[in-house]
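J.: Below is the structure I would like to discuss, written out as structure tokens.
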Amino acid sequence: MIFDAGYKGSDVSRYADVAIIGSGAGGGPLARELSSEGYRVVVVEEGTHFTREDFNLDPMRSFINMYRDAGQTLTVGMPFVLLPLGKTVGGTTTINSGTALRILRPILKKWQITHGLGEITEDELNLIYGHLEEYLFVKRADPEVAGKVANTFLQGAEKLGLSCGWLPRNAKECEGYGSCVFGCPSDSKQSVNITFIPDAVRWGADIYTGCRAESIKVENGRATGITCRFVDPRSGKASGRTLDIEARVVVLAAGAVFSPYLLLKQGLANSSGQVGKNLEIHPAVQTVAVMGEPMGPPRGIPQSSYVDEFQGEGVMLEGGTVPPEVHALALPAAGNSHAGLMDLYPEMGIFGGMISDTDSWGRVAALPRPGYRPTMLYMLRGKDLDKARSATALMAEIWFAAGAKKVYTPISGHLEITCARELRELERSKVKASDIYAMSAYHPLGTCRMGGDPEWSVVRHTCESWDVENLFICDGSVLPSSPGVNPQLTIMALSLRCSGFIDERLSGAAGEIADRERDRSAVSGAAGKVRAGNGRLTRIKG
Amino acid sequence: MYTEIWRLKMNRFMRKQMMSLMPALVGRTVDTRDPGVMPAVDTESQLSFIEEFFAAGAPEFKLLYYACIFCFKSLVLLLERKTFSALSDARQQRLLDKLIEGGNPLLRGLVILLGLPIHISYYRREDVRTPLGFDIRALKEEAELRAVSRDRQLQPR
């Protein structure tokens with residue numbers, strides 16, 4: 001059952017086979033899989049449980065209720081990057097755009113070769129992806145529903161002969177209310193809060209909302225439970241009541257910002273010194289075009305189309321529409337100039353360019369801050385700056401091909417582009433981080449990375465910590481690098497894969513498996529493989 | 001003491017400072033009932049939203065914002081030898097454009113950050129967003145008429 005936030009009773013003590021911290025793309029699938037196996041699963045979630053009745057399409061109400069710090073989560077560095085994070089049952093999947101893409105093949109190859117993750121094979125992942133895609137109703141966005149902005153942008157891309165198309169999304173019968181990132185009002189989007197979590201509850205899992213995990217209990221090198229505190233989900237103030245869970249296995253699935261934060265605060269699982277490091281965020285630039293005809297925003301699918309011509313170089317264009325109060329923030333103007341531009345909102349289109357950051361530097365740190373808040377340090381640099389410029393110029397070129405009158409960019413010196421000459425100047429320019437006035441990012445990854453060597457990774461390929469037995473980390477933090485696309489499906493796939501290992505651990509072969517894993521870590525490329533089939537994750541004994 | 005500073009509500013001085021910036025940053029100064037013209041800023045209702053927004057957010061954000069107001073006001077005094085409110089509407093606008101379009105990222109960031117909660121608080125108003133084509137009541141009513149049901153289950157493992 002789901003225990004509502006605002007718990008006023010006495011302290012609670014629980015026993016569970018598996019205690020999961022976080023109910024998003026990592027924790028939700030695990031909760032469902034393991035509870036369906038008959039294990040006692042308890043999930044703790046700091047946010048509140050919202051349903052479609054609560055999703056009233058008001059963007060700011062959503063920011064205040066379902067985003068950490070009302071969406072005011074910024075990285076510290078140059079430039080400042082807005083990095084919104086979900087704080088609700090379903091995690092960020094409840095308030096994401098619902099893009100469901102598989103990892104790029106070259107990146108999986110890189111994981112296998114560079115990060116020592118040969119155990120994660122393409123065949124195995126494809127089986128799990130297929131399984132997930134069926135469960136989550138993944139299909140391409142419907143052009144009829146996507147909205148005029150997305151259609152117009154794709155027409156521009158097609159005119160230029162660029163590779164483009166409609167994004168696969170985990171949405172069923174979507175009618176394009178333009179509100180994916182503020183909570184889907186029709187339950188079309190198959191986010192974790194309406195899929196894995198209700199299934200897990202049906203199988204007997206308990207979800208405590210408004211409950212923050214404060215420490216992981218460790219005895220003799222083994223995780224034995226978690227200590228939590230009930231909090232007010234909005235203010236974060238502790239109520240004074242605690243939840244103490246004794247568990248055979250602990251899963252940390254609080255996301256790539258809060259998972260390392262908890263470990264760093266506790267000084268746990270960090271013999272490699274890699275916890276909190278290697279932060280990648282998929283920084284994004286956006287362009288706004290004035291089309292000179294009604295574009296019908298914000299009706300449509302906020303993120304429905306893509307241009308992947310330069311995906312191999314780390315640039316993926318994805319986008320659609322946003323409501324006026326969010327659109328207003330993307331315009332490089334103030335006062336009357338800003339008001340004049342906002343009057344043109346009905347004739348405007350917005351599109352984003354997502355960058356797979358490879359050269360930038362990022363880190364999650366536990367610096368002194370009020371309340372329970374990590375610090376995200378991030379410097380955009382090197383080739384990633386060129387990617388930001390290229391993505392901006394490419395979007396502008398596509399907009400003009402689609403008939404735009406003007407394009408607004410976030411790059412200083414090129415804030416307004418009205419002709420081909422100005423576009424060429426942008427293409428030739430050398431961009432510094434400080435030249436980009438507004439950037440946002442949506443996919444923090446890599447801060448507890450998975451790998452084949454305990455010297456430079458935090459978890460094994462099974463998602464179990466190298467340092468603490470029975471502690472599994474399963475969220476975006478374990479991805480060793482960006483998957484090149486929106487990561488939710490890959491996080492879910494790794495979560496389902498991980499559930500097989502936890503199942504084995506719990507089903508009695510604990511000592512044997514631990515020994516085998518230790519042997520495997522010592523001998524790189526050992527024979528143990530895991531495969532998925534018919535909804536079951538099965539270990540092929542080496 | 002340190003932890004309590006940001007819990008304080010916006011004091012009268014800060015409210016006054018923000019009120020003086022709002023019309024200039026939003027650029028809607030003329031109060032009119034003309035259907036084709038956007039309404040003027042409503043400082044009281046917008047300020048109460050901004051207070052709620054700050055209270056729900058990161059405490060440092062609110063402090064950073066106050067620091068930005070102070071820096072901006074000081075900068076205007078230095079550049080113009082007058083307070084921002086004492087400048088004419090046209091002069092205020094020229095100054096804002098100069099700061100945004102100039103090459104200094106700090107000055108541009110200052111104006112962008114000052115505008116952030118003010119723009120949000122203005123464009124979230126129903127009487128503003130509805131004429132722009134974002135009628136959330138109508139969309140919600142339409143969404144309520146249809147609920148998508150899941151009819152698919154994973155086989156138990």
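Ligands are numbered from 1 in the order shown, residues from 1 within each chain, and chains are lettered A, B, ... in the order they appear in the structure tokens.
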Need the shell around stretch 15-17 of chain B: protein/DNA/RNA residues with any atom at most 10 Å away, counting only C-alpha atoms. Skip same-chain ones fewer than 6 positions apart. Format as a PyMOL selection string?

T.: chain B and resi 9+43-44+47-48+51+66+69-70+73+84-85

J.: Pull C-alpha atoms from the residues just selected and write them as a compact mmCIF listing (two decimals), in the first residue's frame.

T.:
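Result written to part_29.txt:
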# COMPACT_ATOMS: atom_id res chain seq x y z
CA LYS B 9 8.92 36.43 4.55
CA THR B 43 2.24 43.73 -8.18
CA GLU B 44 0.31 42.41 -5.16
CA LEU B 47 4.45 39.24 -5.31
CA SER B 48 2.44 36.76 -3.28
CA GLU B 51 6.92 34.66 -2.12
CA TYR B 66 18.07 39.76 -3.20
CA ILE B 69 18.43 43.46 -6.72
CA PHE B 70 21.00 45.23 -4.59
CA LYS B 73 20.13 49.15 -8.02
CA PHE B 84 16.02 53.11 -11.38
CA SER B 85 12.54 54.36 -10.45

J.: Name the residues in contact with A:Ser259 at a cut-off of 10 Å, using only C-alpha atoms, excluding same-chain residues fewer than 4 positions from it; report them as a tab-separated table (two decimals) with N, CA and C atoms, in the first residue's frame.

T.:
chain	number	residue	atom	x	y	z
A	21	ILE	N	15.34	2.81	-1.83
A	21	ILE	CA	15.31	4.26	-1.61
A	21	ILE	C	15.05	4.92	-2.96
A	22	GLY	N	13.85	5.45	-3.15
A	22	GLY	CA	13.51	6.11	-4.41
A	22	GLY	C	12.55	5.28	-5.24
A	252	LEU	N	19.75	1.52	-3.41
A	252	LEU	CA	19.78	2.98	-3.45
A	252	LEU	C	19.42	3.41	-4.87
A	253	ALA	N	18.26	4.05	-5.01
A	253	ALA	CA	17.77	4.45	-6.34
A	253	ALA	C	17.21	5.87	-6.25
A	254	ALA	N	18.02	6.76	-5.68
A	254	ALA	CA	17.55	8.12	-5.44
A	254	ALA	C	17.96	9.08	-6.55
A	255	GLY	N	18.52	8.55	-7.63
A	255	GLY	CA	18.91	9.40	-8.76
A	255	GLY	C	20.38	9.79	-8.67
A	263	LEU	N	25.61	8.76	-0.06
A	263	LEU	CA	26.83	7.99	0.18
A	263	LEU	C	27.96	8.89	0.68
A	264	LEU	N	28.09	10.06	0.08
A	264	LEU	CA	29.15	10.98	0.49
A	264	LEU	C	28.94	11.45	1.92
A	275	VAL	N	32.64	8.21	-6.07
A	275	VAL	CA	31.26	8.61	-5.76
A	275	VAL	C	31.11	10.13	-5.92
A	276	GLY	N	30.13	10.54	-6.69
A	276	GLY	CA	29.88	11.96	-6.92
A	276	GLY	C	30.61	12.51	-8.13
A	364	VAL	N	28.99	15.89	-8.05
A	364	VAL	CA	28.03	16.12	-6.96
A	364	VAL	C	28.82	16.14	-5.67
A	447	THR	N	27.34	9.33	-11.58
A	447	THR	CA	28.02	9.71	-10.34
A	447	THR	C	28.32	8.54	-9.40
A	448	CYS	N	27.83	7.34	-9.72
A	448	CYS	CA	28.23	6.13	-8.98
A	448	CYS	C	28.48	5.06	-10.05
A	473	ILE	N	23.07	-0.21	-6.12
A	473	ILE	CA	22.72	1.15	-6.55
A	473	ILE	C	22.13	1.02	-7.94
A	474	CYS	N	20.95	1.58	-8.12
A	474	CYS	CA	20.25	1.31	-9.37
A	474	CYS	C	19.45	2.53	-9.82
A	475	ASP	N	20.13	3.41	-10.50
A	475	ASP	CA	19.47	4.61	-11.07
A	475	ASP	C	20.42	5.20	-12.10
A	476	GLY	N	20.18	6.42	-12.51
A	476	GLY	CA	21.03	7.03	-13.54
A	476	GLY	C	22.48	7.18	-13.11
A	477	SER	N	22.74	7.11	-11.82
A	477	SER	CA	24.11	7.32	-11.35
A	477	SER	C	25.04	6.19	-11.78
A	478	VAL	N	24.51	5.00	-12.03
A	478	VAL	CA	25.41	3.88	-12.36
A	478	VAL	C	25.79	3.84	-13.84

J.: Taking only C-alpha atoms into account, which residues of chain B are within 7 Å of chain A, as a ChimeraX atom specification?

T.: /B:3,24-28,53,56-58,93,96-97,100,103,105,109,116,119-120,123-124,129,132-134,136,139-140,143-144,146-148,152-157

J.: Could the residues in this selection be saved with C-alpha atoms as a PDB file, in the first residue's frame?

T.:
ATOM      1  CA  THR B   3      19.268  28.577   8.891  1.00  0.00           C
ATOM      2  CA  ALA B  24       9.904  47.768 -16.196  1.00  0.00           C
ATOM      3  CA  LEU B  25      11.018  44.142 -16.461  1.00  0.00           C
ATOM      4  CA  VAL B  26       7.675  42.837 -17.699  1.00  0.00           C
ATOM      5  CA  GLY B  27       7.150  45.809 -19.994  1.00  0.00           C
ATOM      6  CA  ARG B  28       3.384  45.947 -19.476  1.00  0.00           C
ATOM      7  CA  PHE B  53       7.865  30.290  -5.186  1.00  0.00           C
ATOM      8  CA  ALA B  56       9.297  26.345  -1.873  1.00  0.00           C
ATOM      9  CA  GLY B  57      12.677  26.723  -3.495  1.00  0.00           C
ATOM     10  CA  ALA B  58      16.341  26.595  -2.655  1.00  0.00           C
ATOM     11  CA  GLN B  93      14.219  50.259 -21.312  1.00  0.00           C
ATOM     12  CA  LEU B  96      17.843  46.994 -19.767  1.00  0.00           C
ATOM     13  CA  ASP B  97      18.538  46.447 -23.478  1.00  0.00           C
ATOM     14  CA  ILE B 100      21.162  42.248 -22.024  1.00  0.00           C
ATOM     15  CA  GLY B 103      28.954  41.403 -23.971  1.00  0.00           C
ATOM     16  CA  PRO B 105      27.854  37.826 -19.068  1.00  0.00           C
ATOM     17  CA  GLY B 109      22.876  37.244 -16.103  1.00  0.00           C
ATOM     18  CA  LEU B 116      12.957  35.133 -13.933  1.00  0.00           C
ATOM     19  CA  HIS B 119       8.163  36.934 -15.827  1.00  0.00           C
ATOM     20  CA  ILE B 120       6.906  33.652 -14.424  1.00  0.00           C
ATOM     21  CA  TYR B 123       2.729  34.953 -17.599  1.00  0.00           C
ATOM     22  CA  ARG B 124       1.162  32.404 -15.264  1.00  0.00           C
ATOM     23  CA  ARG B 129      -1.955  33.098 -20.563  1.00  0.00           C
ATOM     24  CA  LEU B 132      -1.942  33.744 -25.494  1.00  0.00           C
ATOM     25  CA  GLY B 133      -3.673  30.426 -26.214  1.00  0.00           C
ATOM     26  CA  PHE B 134      -2.943  28.474 -23.032  1.00  0.00           C
ATOM     27  CA  ILE B 136      -5.587  25.347 -18.743  1.00  0.00           C
ATOM     28  CA  LEU B 139      -7.537  21.608 -21.383  1.00  0.00           C
ATOM     29  CA  LYS B 140      -8.132  20.113 -17.942  1.00  0.00           C
ATOM     30  CA  ALA B 143      -8.547  15.727 -20.201  1.00  0.00           C
ATOM     31  CA  GLU B 144     -11.019  14.821 -17.477  1.00  0.00           C
ATOM     32  CA  ARG B 146     -10.971  10.802 -20.999  1.00  0.00           C
ATOM     33  CA  ALA B 147      -8.806   8.670 -18.776  1.00  0.00           C
ATOM     34  CA  VAL B 148      -6.478   6.214 -20.404  1.00  0.00           C
ATOM     35  CA  ARG B 152      -1.417  -4.651 -20.089  1.00  0.00           C
ATOM     36  CA  GLN B 153       0.448  -6.558 -17.443  1.00  0.00           C
ATOM     37  CA  LEU B 154       3.884  -8.065 -17.294  1.00  0.00           C
ATOM     38  CA  GLN B 155       3.867 -11.769 -16.760  1.00  0.00           C
ATOM     39  CA  PRO B 156       4.967 -12.453 -13.204  1.00  0.00           C
ATOM     40  CA  ARG B 157       8.549 -13.549 -13.127  1.00  0.00           C
TER      41      ARG B 157
END

J.: May I have all residues of stretch 274-450 of chain A that DSSP, computed from the backbone, assigns to alpha helix (DSSP H), given as a PyMOL selection string?

T.: chain A and resi 324-327+336-343+383-401+420-428

J.: Can you tell me which residues surround A:Leu108 at a distance of at most 9 Å, considering only C-alpha atoms, apart from same-chain residues fewer than 3 positions away, and format the answer as a ChimeraX atom specification?

T.: /A:103-105,111-113,117,120-122,483

J.: I need the chosen residues saved as a PDB file, in the first residue's frame, with N, CA and C atoms.

T.:
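Done, and the output landed in selection-v2.pdb:
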ATOM      1  N   ILE A 103      19.743   2.694 -25.806  1.00  0.00           N
ATOM      2  CA  ILE A 103      21.128   3.183 -25.818  1.00  0.00           C
ATOM      3  C   ILE A 103      21.710   3.045 -27.235  1.00  0.00           C
ATOM      4  N   LEU A 104      22.598   3.969 -27.597  1.00  0.00           N
ATOM      5  CA  LEU A 104      23.247   3.870 -28.907  1.00  0.00           C
ATOM      6  C   LEU A 104      24.269   2.718 -28.886  1.00  0.00           C
ATOM      7  N   ARG A 105      24.318   1.980 -29.958  1.00  0.00           N
ATOM      8  CA  ARG A 105      25.207   0.801 -30.009  1.00  0.00           C
ATOM      9  C   ARG A 105      26.681   1.139 -29.741  1.00  0.00           C
ATOM     10  N   TRP A 111      31.064   1.047 -23.303  1.00  0.00           N
ATOM     11  CA  TRP A 111      30.894   0.551 -21.931  1.00  0.00           C
ATOM     12  C   TRP A 111      31.591  -0.806 -21.778  1.00  0.00           C
ATOM     13  N   GLN A 112      31.399  -1.640 -22.804  1.00  0.00           N
ATOM     14  CA  GLN A 112      31.956  -2.990 -22.711  1.00  0.00           C
ATOM     15  C   GLN A 112      33.486  -2.956 -22.724  1.00  0.00           C
ATOM     16  N   ILE A 113      34.037  -2.127 -23.620  1.00  0.00           N
ATOM     17  CA  ILE A 113      35.490  -2.144 -23.803  1.00  0.00           C
ATOM     18  C   ILE A 113      36.199  -1.248 -22.779  1.00  0.00           C
ATOM     19  N   LEU A 117      32.586  -3.666 -19.007  1.00  0.00           N
ATOM     20  CA  LEU A 117      31.228  -4.170 -18.781  1.00  0.00           C
ATOM     21  C   LEU A 117      30.818  -5.159 -19.872  1.00  0.00           C
ATOM     22  N   ILE A 120      27.384  -7.003 -19.911  1.00  0.00           N
ATOM     23  CA  ILE A 120      26.123  -6.418 -20.400  1.00  0.00           C
ATOM     24  C   ILE A 120      26.152  -6.483 -21.924  1.00  0.00           C
ATOM     25  N   THR A 121      25.461  -7.450 -22.461  1.00  0.00           N
ATOM     26  CA  THR A 121      25.536  -7.650 -23.913  1.00  0.00           C
ATOM     27  C   THR A 121      24.374  -6.954 -24.621  1.00  0.00           C
ATOM     28  N   GLU A 122      24.559  -6.718 -25.892  1.00  0.00           N
ATOM     29  CA  GLU A 122      23.528  -6.050 -26.679  1.00  0.00           C
ATOM     30  C   GLU A 122      22.272  -6.925 -26.759  1.00  0.00           C
ATOM     31  N   PRO A 483      24.044   7.601 -22.376  1.00  0.00           N
ATOM     32  CA  PRO A 483      23.707   6.610 -23.406  1.00  0.00           C
ATOM     33  C   PRO A 483      23.503   7.253 -24.777  1.00  0.00           C
TER      34      PRO A 483
END

J.: Using atom CA of A:Tyr261 and atom CA of A:Asp359 as the two end points, give the distance in Å to one decimal.

T.: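 Spanning atom CA of A:Tyr261 to atom CA of A:Asp359 is a straight-line distance of 23.0 Å.
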
J.: Got a sec: who's within 9 Å of A:Lys430, counting only C-alpha atoms, leaving out chain neighbours fewer than 3 positions off, as a list in words?

T.: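 So, after excluding close chain neighbours, the residues are Leu385, Asp386, Arg389, Leu426 and Glu427 of chain A.
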
J.: Store the residues picked out above, limited to N, CA and C atoms, as a JSON list (two decimals), in the first residue's frame.

T.:
[["chain", "number", "residue", "atom", "x", "y", "z"],
["A", 385, "LEU", "N", 31.34, 22.78, -25.87],
["A", 385, "LEU", "CA", 30.98, 24.15, -26.25],
["A", 385, "LEU", "C", 30.73, 24.23, -27.76],
["A", 386, "ASP", "N", 31.58, 23.55, -28.51],
["A", 386, "ASP", "CA", 31.39, 23.52, -29.97],
["A", 386, "ASP", "C", 30.06, 22.83, -30.32],
["A", 389, "ARG", "N", 27.26, 25.24, -29.80],
["A", 389, "ARG", "CA", 27.17, 26.20, -30.90],
["A", 389, "ARG", "C", 26.61, 25.52, -32.15],
["A", 426, "LEU", "N", 27.35, 32.91, -36.77],
["A", 426, "LEU", "CA", 27.19, 32.03, -35.60],
["A", 426, "LEU", "C", 27.95, 30.72, -35.81],
["A", 427, "GLU", "N", 27.84, 30.17, -37.01],
["A", 427, "GLU", "CA", 28.51, 28.90, -37.29],
["A", 427, "GLU", "C", 30.03, 29.02, -37.15]]

J.: DSSP on the backbone: which residues in stretch 140-388 of chain A end up as strand (DSSP E or B)? Give the answer as a VMD selection string.

T.: chain A and resid 140 164 to 166 168 to 171 177 189 206 to 209 211 to 219 222 to 231 238 to 252 280 283 to 290 300 305 to 307 315 to 320 348 to 355 361 to 365 375 to 379

J.: Would you please work out which residue, of B:Val37, B:Val76, B:Ala90, B:Met14, is nearest to B:Lys62 when using only C-alpha atoms?

T.: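 Among the listed residues, the smallest separation from B:Lys62 belongs to B:Met14.
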